[in-house]
$ cat final.txt   # compact mmCIF, C-alpha atoms
# COMPACT_ATOMS: atom_id res chain seq x y z
CA MET A 1 -29.73 18.34 34.22
CA GLY A 2 -26.42 18.99 32.55
CA LYS A 3 -25.04 21.96 30.69
CA ILE A 4 -23.63 22.57 27.22
CA TYR A 5 -20.31 24.41 27.28
CA CYS A 6 -20.03 26.13 23.91
CA LEU A 7 -16.38 26.70 22.98
CA MET A 8 -15.96 29.56 20.50
CA GLY A 9 -13.08 31.32 18.80
CA LYS A 10 -12.08 32.91 15.54
CA SER A 11 -10.28 30.81 12.95
CA ALA A 12 -6.77 29.73 14.06
CA SER A 13 -7.47 30.68 17.67
CA GLY A 14 -6.49 27.18 18.76
CA LYS A 15 -10.04 26.04 19.40
CA ASP A 16 -9.49 22.45 18.23
CA THR A 17 -6.35 22.05 20.35
CA VAL A 18 -7.96 23.49 23.49
CA TYR A 19 -11.07 21.39 22.86
CA ARG A 20 -9.01 18.19 22.81
CA LYS A 21 -7.03 19.17 25.89
CA VAL A 22 -10.15 20.00 27.92
CA LEU A 23 -11.60 16.61 27.02
CA GLU A 24 -8.38 14.95 28.16
CA LEU A 25 -8.74 16.72 31.51
CA LEU A 26 -12.48 16.07 31.74
CA PRO A 27 -13.16 12.81 29.86
CA GLU A 28 -16.60 12.62 31.42
CA LEU A 29 -17.81 15.48 29.21
CA GLY A 30 -20.07 14.48 26.37
CA THR A 31 -19.23 15.56 22.82
CA TYR A 32 -21.16 16.27 19.66
CA VAL A 33 -20.25 15.67 16.01
CA MET A 34 -21.60 18.45 13.80
CA TYR A 35 -22.97 18.06 10.28
CA THR A 36 -21.40 19.87 7.32
CA THR A 37 -21.67 20.03 3.55
CA ARG A 38 -18.08 21.14 3.07
CA PRO A 39 -15.60 18.70 1.52
CA MET A 40 -13.63 16.48 3.86
CA ARG A 41 -10.05 17.63 4.45
CA GLU A 42 -6.99 15.44 4.59
CA GLY A 43 -6.77 13.60 7.90
CA GLU A 44 -10.41 14.12 8.85
CA ILE A 45 -12.56 11.13 9.80
CA PRO A 46 -16.26 10.84 8.83
CA GLY A 47 -18.44 10.51 11.89
CA LYS A 48 -15.67 11.77 14.15
CA THR A 49 -14.52 15.09 12.72
CA TYR A 50 -17.90 15.85 11.11
CA HIS A 51 -20.89 14.07 9.67
CA TYR A 52 -20.36 14.88 6.00
CA THR A 53 -23.64 15.36 4.19
CA ASN A 54 -25.29 17.42 1.45
CA ALA A 55 -27.80 20.25 1.22
CA GLY A 56 -30.67 17.94 0.33
CA ALA A 57 -30.14 15.72 3.36
CA LEU A 58 -29.98 18.73 5.69
CA GLU A 59 -33.15 20.15 4.17
CA ALA A 60 -34.91 16.85 4.86
CA LEU A 61 -33.75 16.94 8.49
CA SER A 62 -34.98 20.53 8.75
CA HIS A 63 -38.44 19.53 7.52
CA GLU A 64 -38.48 16.89 10.26
CA GLY A 65 -37.75 19.62 12.83
CA LYS A 66 -34.40 18.10 13.78
CA VAL A 67 -32.08 20.98 12.83
CA ILE A 68 -31.33 22.99 15.96
CA GLU A 69 -29.23 25.55 14.13
CA SER A 70 -27.42 25.90 10.82
CA ARG A 71 -25.27 28.49 9.13
CA THR A 72 -24.09 28.73 5.56
CA TYR A 73 -20.88 30.43 4.47
CA ASP A 74 -20.46 31.63 0.89
CA THR A 75 -16.90 30.47 0.36
CA ILE A 76 -14.91 30.89 -2.84
CA TYR A 77 -15.56 27.18 -3.41
CA GLY A 78 -19.32 27.53 -3.06
CA PRO A 79 -21.72 27.47 -0.09
CA TRP A 80 -20.67 25.39 2.92
CA THR A 81 -23.25 24.68 5.60
CA TYR A 82 -22.61 23.65 9.20
CA ALA A 83 -25.50 22.38 11.31
CA THR A 84 -26.35 21.07 14.76
CA VAL A 85 -28.97 18.34 14.50
CA ASP A 86 -31.08 16.84 17.26
CA ASP A 87 -30.12 13.26 16.42
CA GLY A 88 -29.84 11.85 19.94
CA GLN A 89 -26.21 12.79 20.53
CA ILE A 90 -27.13 15.33 23.22
CA ASP A 91 -28.88 14.14 26.38
CA LEU A 92 -28.59 16.71 29.15
CA ALA A 93 -30.11 14.28 31.60
CA ALA A 94 -26.91 12.26 31.22
CA GLY A 95 -24.46 15.07 32.02
CA ASP A 96 -22.48 17.99 30.62
CA TYR A 97 -21.23 18.50 27.06
CA LEU A 98 -18.42 20.43 25.40
CA ILE A 99 -19.37 21.61 21.91
CA PRO A 100 -17.43 23.87 19.49
CA GLY A 101 -19.54 26.71 18.12
CA THR A 102 -19.89 30.32 17.03
CA PRO A 103 -21.72 33.30 18.54
CA GLU A 104 -24.59 32.59 16.16
CA SER A 105 -24.84 28.91 17.07
CA PHE A 106 -24.52 29.76 20.77
CA VAL A 107 -27.60 32.01 20.57
CA ARG A 108 -29.62 29.31 18.83
CA LEU A 109 -28.50 26.60 21.24
CA LYS A 110 -29.71 28.82 24.11
CA ALA A 111 -33.06 29.24 22.42
CA TYR A 112 -33.40 25.48 21.93
CA PHE A 113 -32.09 24.09 25.23
CA GLY A 114 -32.66 27.08 27.53
CA ALA A 115 -30.38 29.97 28.46
CA ASN A 116 -29.44 28.39 31.81
CA ARG A 117 -28.25 25.23 30.06
CA VAL A 118 -25.75 26.74 27.59
CA VAL A 119 -22.52 28.36 28.83
CA PRO A 120 -20.28 30.44 26.50
CA ILE A 121 -16.49 30.06 26.45
CA LEU A 122 -14.64 32.42 24.11
CA LEU A 123 -10.98 31.96 23.14
CA GLU A 124 -9.01 35.03 22.17
CA VAL A 125 -5.70 35.32 20.31
CA GLU A 126 -4.08 38.47 18.89
CA ASP A 127 -5.05 38.85 15.22
CA GLY A 128 -1.50 38.89 13.87
CA GLU A 129 -0.67 35.68 15.69
CA ARG A 130 -3.87 34.08 14.42
CA LEU A 131 -3.00 34.96 10.83
CA ILE A 132 0.49 33.46 11.18
CA ARG A 133 -1.00 30.27 12.67
CA ALA A 134 -3.58 30.05 9.88
CA ILE A 135 -0.97 30.38 7.14
CA ARG A 136 1.26 27.75 8.75
CA ARG A 137 -1.67 25.38 9.07
CA GLU A 138 -2.75 25.91 5.47
CA GLN A 139 0.79 25.28 4.21
CA LYS A 140 0.49 21.71 5.50
CA GLU A 141 -2.46 20.98 3.21
CA ALA A 142 -1.86 19.17 -0.07
CA LYS A 143 -3.72 22.00 -1.82
CA PRO A 144 -3.57 25.14 0.33
CA LYS A 145 -6.66 27.34 0.08
CA TYR A 146 -5.21 30.76 0.85
CA GLU A 147 -8.13 32.65 -0.69
CA GLU A 148 -10.56 30.88 1.65
CA LEU A 149 -8.21 31.55 4.57
CA CYS A 150 -8.41 35.27 3.86
CA ARG A 151 -12.20 35.16 3.50
CA ARG A 152 -12.57 33.44 6.88
CA PHE A 153 -10.20 35.87 8.55
CA LEU A 154 -12.20 38.88 7.36
CA ALA A 155 -15.57 37.24 8.07
CA ASP A 156 -14.53 36.55 11.67
CA ALA A 157 -14.11 40.28 12.27
CA ALA A 158 -17.84 40.69 11.65
CA ASP A 159 -19.05 37.44 13.23
CA PHE A 160 -17.10 38.06 16.46
CA SER A 161 -17.56 41.83 16.67
CA GLU A 162 -17.89 43.27 20.16
CA GLU A 163 -21.44 44.33 19.36
CA LYS A 164 -22.47 40.78 18.45
CA LEU A 165 -20.68 39.30 21.45
CA GLN A 166 -22.50 41.66 23.79
CA GLU A 167 -25.85 40.99 22.13
CA ALA A 168 -25.28 37.24 22.51
CA GLY A 169 -24.33 37.59 26.18
CA ILE A 170 -20.82 36.23 25.68
CA SER A 171 -18.65 37.65 28.45
CA ARG A 172 -16.40 34.80 29.56
CA ARG A 173 -13.09 35.01 27.68
CA PHE A 174 -9.82 33.10 27.86
CA ALA A 175 -6.63 34.40 26.25
CA ASN A 176 -5.18 31.36 24.50
CA GLU A 177 -1.49 32.23 24.68
CA ASP A 178 -0.67 28.75 25.97
CA PRO A 179 -3.12 25.91 25.12
CA ASP A 180 -2.26 23.86 28.21
CA ARG A 181 -2.82 26.73 30.64
CA CYS A 182 -5.94 27.80 28.77
CA ALA A 183 -7.40 24.28 28.86
CA ASP A 184 -6.56 23.99 32.57
CA ALA A 185 -8.42 27.22 33.29
CA ILE A 186 -11.48 26.14 31.32
CA ALA A 187 -11.50 22.71 32.98
CA LYS A 188 -11.26 24.37 36.41
CA MET A 189 -14.20 26.63 35.57
CA ILE A 190 -16.30 23.64 34.55
CA ARG A 191 -15.26 21.55 37.58
CA THR A 192 -16.06 24.29 40.07
CA GLY A 193 -19.46 24.94 38.55
CA ASN A 194 -18.77 28.58 37.72
CA GLY A 195 -20.52 28.30 34.37
CA GLU A 196 -23.14 30.84 35.40
CA ASP A 197 -20.72 33.53 36.64
CA PRO A 198 -20.41 36.16 33.87
CA LYS A 199 -17.72 38.18 35.64
CA LEU A 200 -14.57 36.12 35.18
CA GLU A 201 -11.92 38.40 33.76
CA LYS A 202 -10.52 38.02 30.29
CA GLY A 203 -7.74 35.46 30.17
CA SER A 204 -8.36 34.44 33.77
CA PHE A 205 -5.86 31.67 34.35

$ encode --input "final.txt" --output "structure tokens"
Amino acid sequence: MGKIYCLMGKSASGKDTVYRKVLELLPELGTYVMYTTRPMREGEIPGKTYHYTNAGALEALSHEGKVIESRTYDTIYGPWTYATVDDGQIDLAAGDYLIPGTPESFVRLKAYFGANRVVPILLEVEDGERLIRAIRREQKEAKPKYEELCRRFLADAADFSEEKLQEAGISRRFANEDPDRCADAIAKMIRTGNGEDPKLEKGSF
């Protein structure tokens, strides 16, 4: 049976970049496209970036018992929900998967698939650097949403608090100062089968 490697990080921690680079190094890893009710952003592709849906459709899937986990954020533009749905994309009998997530989704994935099947990977970047990255990224949007940027930044402080990370059992951390080196270290960890070793030091690469 395979494992799910759950890649987590605060906003603007470089999660998307590291995710892509790890998949380039380990193309055999399976992937998962999450569901969301938030509006599609410029450059995003339906069915590849996210499955874009609505609250009613997610509620129907929940009644069918197919929603593994979901979380709703009260943004300044209204509630946005992100959900992992058991729609056949994940088959652990076929191999390992790399899935972006949060501490909350990691806990629920463990409960659904089994604690020994879900491995946490946490990216860390100094807060000031993250804020600079986030502003630069938002400036590229046709309609920058700076208010939402600030909301996410503050919400991350609570969602990724040390207390919550410890409660979730998230101990493996990688300092993402250089995406290539960080991705190399994560790929090495996956290749060598060290997904169950909770004692790798922070930023170990």

$ atom_distance --input "final.txt" --atom1 "atom CA of A:Lys10" --atom2 "atom CA of A:Ser171"
15.2 Å

$ residues_around --input "final.txt" --residues "A:Gly78" --least-positions-apart "2" --cutoff "12 Å" --atoms "only C-alpha atoms" --output "PyMOL selection string"
chain A and resi 37-39+55+72-76+80-81+148

$ closest_residue --input "final.txt" --among "A:Glu141, A:Ile186, A:Tyr77, A:Gly101" --to "A:Glu44" --atoms "only C-alpha atoms"
A:Glu141

$ closest_residue --input "final.txt" --among "A:Ser11, A:Gly43, A:Asn176, A:Ala158" --to "A:Ala142" --atoms "all atoms listed in the file"
A:Gly43

$ atom_distance --input "final.txt" --atom1 "atom CA of A:Gly2" --atom2 "atom CA of A:Thr17"
23.7 Å

$ atom_distance --input "final.txt" --atom1 "atom CA of A:Glu28" --atom2 "atom CA of A:Asp96"
8.0 Å

$ closest_residue --input "final.txt" --among "A:Ala187, A:Leu26, A:Ile45, A:Ile170" --to "A:Phe106" --atoms "only C-alpha atoms"
A:Ile170

$ closest_residue --input "final.txt" --among "A:Ala157, A:Val125, A:Met34, A:Val119" --to "A:Met189" --atoms "all atoms listed in the file"
A:Val119

$ residues_near_point --input "final.txt" --point "(-26.3, 17.8, 24.0)" --cutoff "10 Å" --atoms "all atoms listed in the file" --output "PDB file with C-alpha atoms, in the coordinates of the input"
ATOM      1  CA  GLY A   2     -26.420  18.990  32.550  1.00  0.00           C
ATOM      2  CA  LYS A   3     -25.040  21.960  30.690  1.00  0.00           C
ATOM      3  CA  ILE A   4     -23.630  22.570  27.220  1.00  0.00           C
ATOM      4  CA  TYR A   5     -20.310  24.410  27.280  1.00  0.00           C
ATOM      5  CA  GLY A  30     -20.070  14.480  26.370  1.00  0.00           C
ATOM      6  CA  THR A  31     -19.230  15.560  22.820  1.00  0.00           C
ATOM      7  CA  TYR A  32     -21.160  16.270  19.660  1.00  0.00           C
ATOM      8  CA  THR A  84     -26.350  21.070  14.760  1.00  0.00           C
ATOM      9  CA  VAL A  85     -28.970  18.340  14.500  1.00  0.00           C
ATOM     10  CA  ASP A  86     -31.080  16.840  17.260  1.00  0.00           C
ATOM     11  CA  ASP A  87     -30.120  13.260  16.420  1.00  0.00           C
ATOM     12  CA  GLY A  88     -29.840  11.850  19.940  1.00  0.00           C
ATOM     13  CA  GLN A  89     -26.210  12.790  20.530  1.00  0.00           C
ATOM     14  CA  ILE A  90     -27.130  15.330  23.220  1.00  0.00           C
ATOM     15  CA  ASP A  91     -28.880  14.140  26.380  1.00  0.00           C
ATOM     16  CA  LEU A  92     -28.590  16.710  29.150  1.00  0.00           C
ATOM     17  CA  ALA A  93     -30.110  14.280  31.600  1.00  0.00           C
ATOM     18  CA  ALA A  94     -26.910  12.260  31.220  1.00  0.00           C
ATOM     19  CA  GLY A  95     -24.460  15.070  32.020  1.00  0.00           C
ATOM     20  CA  ASP A  96     -22.480  17.990  30.620  1.00  0.00           C
ATOM     21  CA  TYR A  97     -21.230  18.500  27.060  1.00  0.00           C
ATOM     22  CA  LEU A  98     -18.420  20.430  25.400  1.00  0.00           C
ATOM     23  CA  ILE A  99     -19.370  21.610  21.910  1.00  0.00           C
ATOM     24  CA  LEU A 109     -28.500  26.600  21.240  1.00  0.00           C
ATOM     25  CA  PHE A 113     -32.090  24.090  25.230  1.00  0.00           C
ATOM     26  CA  ARG A 117     -28.250  25.230  30.060  1.00  0.00           C
ATOM     27  CA  VAL A 118     -25.750  26.740  27.590  1.00  0.00           C
TER      28      VAL A 118
END

$ residues_around --input "final.txt" --residues "A:Pro179" --least-positions-apart "4" --cutoff "8 Å" --atoms "all atoms listed in the file" --output "list in words"
Gly14, Thr17, Val18, Lys21 and Ala183 of chain A

$ closest_residue --input "final.txt" --among "A:Asp184, A:Glu129, A:Asp156, A:Glu104" --to "A:Cys6" --atoms "all atoms listed in the file"
A:Glu104

$ build_atoms --input "final.txt" --residues "stretch 180-196 of chain A" --atoms "N, CA and C atoms" --output "CSV table (one decimal), in the coordinates of the input"
chain,number,residue,atom,x,y,z
A,180,ASP,N,-2.2,24.7,27.0
A,180,ASP,CA,-2.3,23.9,28.2
A,180,ASP,C,-2.8,24.7,29.4
A,181,ARG,N,-2.3,25.9,29.6
A,181,ARG,CA,-2.8,26.7,30.6
A,181,ARG,C,-4.3,27.1,30.4
A,182,CYS,N,-4.6,27.4,29.1
A,182,CYS,CA,-5.9,27.8,28.8
A,182,CYS,C,-6.9,26.7,29.0
A,183,ALA,N,-6.6,25.4,28.6
A,183,ALA,CA,-7.4,24.3,28.9
A,183,ALA,C,-7.6,24.0,30.4
A,184,ASP,N,-6.5,24.2,31.1
A,184,ASP,CA,-6.6,24.0,32.6
A,184,ASP,C,-7.6,25.0,33.2
A,185,ALA,N,-7.5,26.2,32.7
A,185,ALA,CA,-8.4,27.2,33.3
A,185,ALA,C,-9.9,26.9,33.0
A,186,ILE,N,-10.1,26.5,31.7
A,186,ILE,CA,-11.5,26.1,31.3
A,186,ILE,C,-12.0,24.9,32.1
A,187,ALA,N,-11.1,23.9,32.2
A,187,ALA,CA,-11.5,22.7,33.0
A,187,ALA,C,-11.8,23.1,34.4
A,188,LYS,N,-11.0,23.9,35.0
A,188,LYS,CA,-11.3,24.4,36.4
A,188,LYS,C,-12.6,25.1,36.5
A,189,MET,N,-12.9,25.9,35.6
A,189,MET,CA,-14.2,26.6,35.6
A,189,MET,C,-15.4,25.6,35.5
A,190,ILE,N,-15.2,24.6,34.7
A,190,ILE,CA,-16.3,23.6,34.6
A,190,ILE,C,-16.4,22.8,35.8
A,191,ARG,N,-15.3,22.4,36.4
A,191,ARG,CA,-15.3,21.6,37.6
A,191,ARG,C,-15.9,22.3,38.8
A,192,THR,N,-15.6,23.5,38.9
A,192,THR,CA,-16.1,24.3,40.1
A,192,THR,C,-17.5,24.8,39.9
A,193,GLY,N,-18.1,24.5,38.7
A,193,GLY,CA,-19.5,24.9,38.6
A,193,GLY,C,-19.7,26.4,38.4
A,194,ASN,N,-18.6,27.1,37.9
A,194,ASN,CA,-18.8,28.6,37.7
A,194,ASN,C,-19.3,29.0,36.4
A,195,GLY,N,-20.0,28.0,35.7
A,195,GLY,CA,-20.5,28.3,34.4
A,195,GLY,C,-21.5,29.4,34.3
A,196,GLU,N,-22.1,29.8,35.4
A,196,GLU,CA,-23.1,30.8,35.4
A,196,GLU,C,-22.6,32.2,35.9
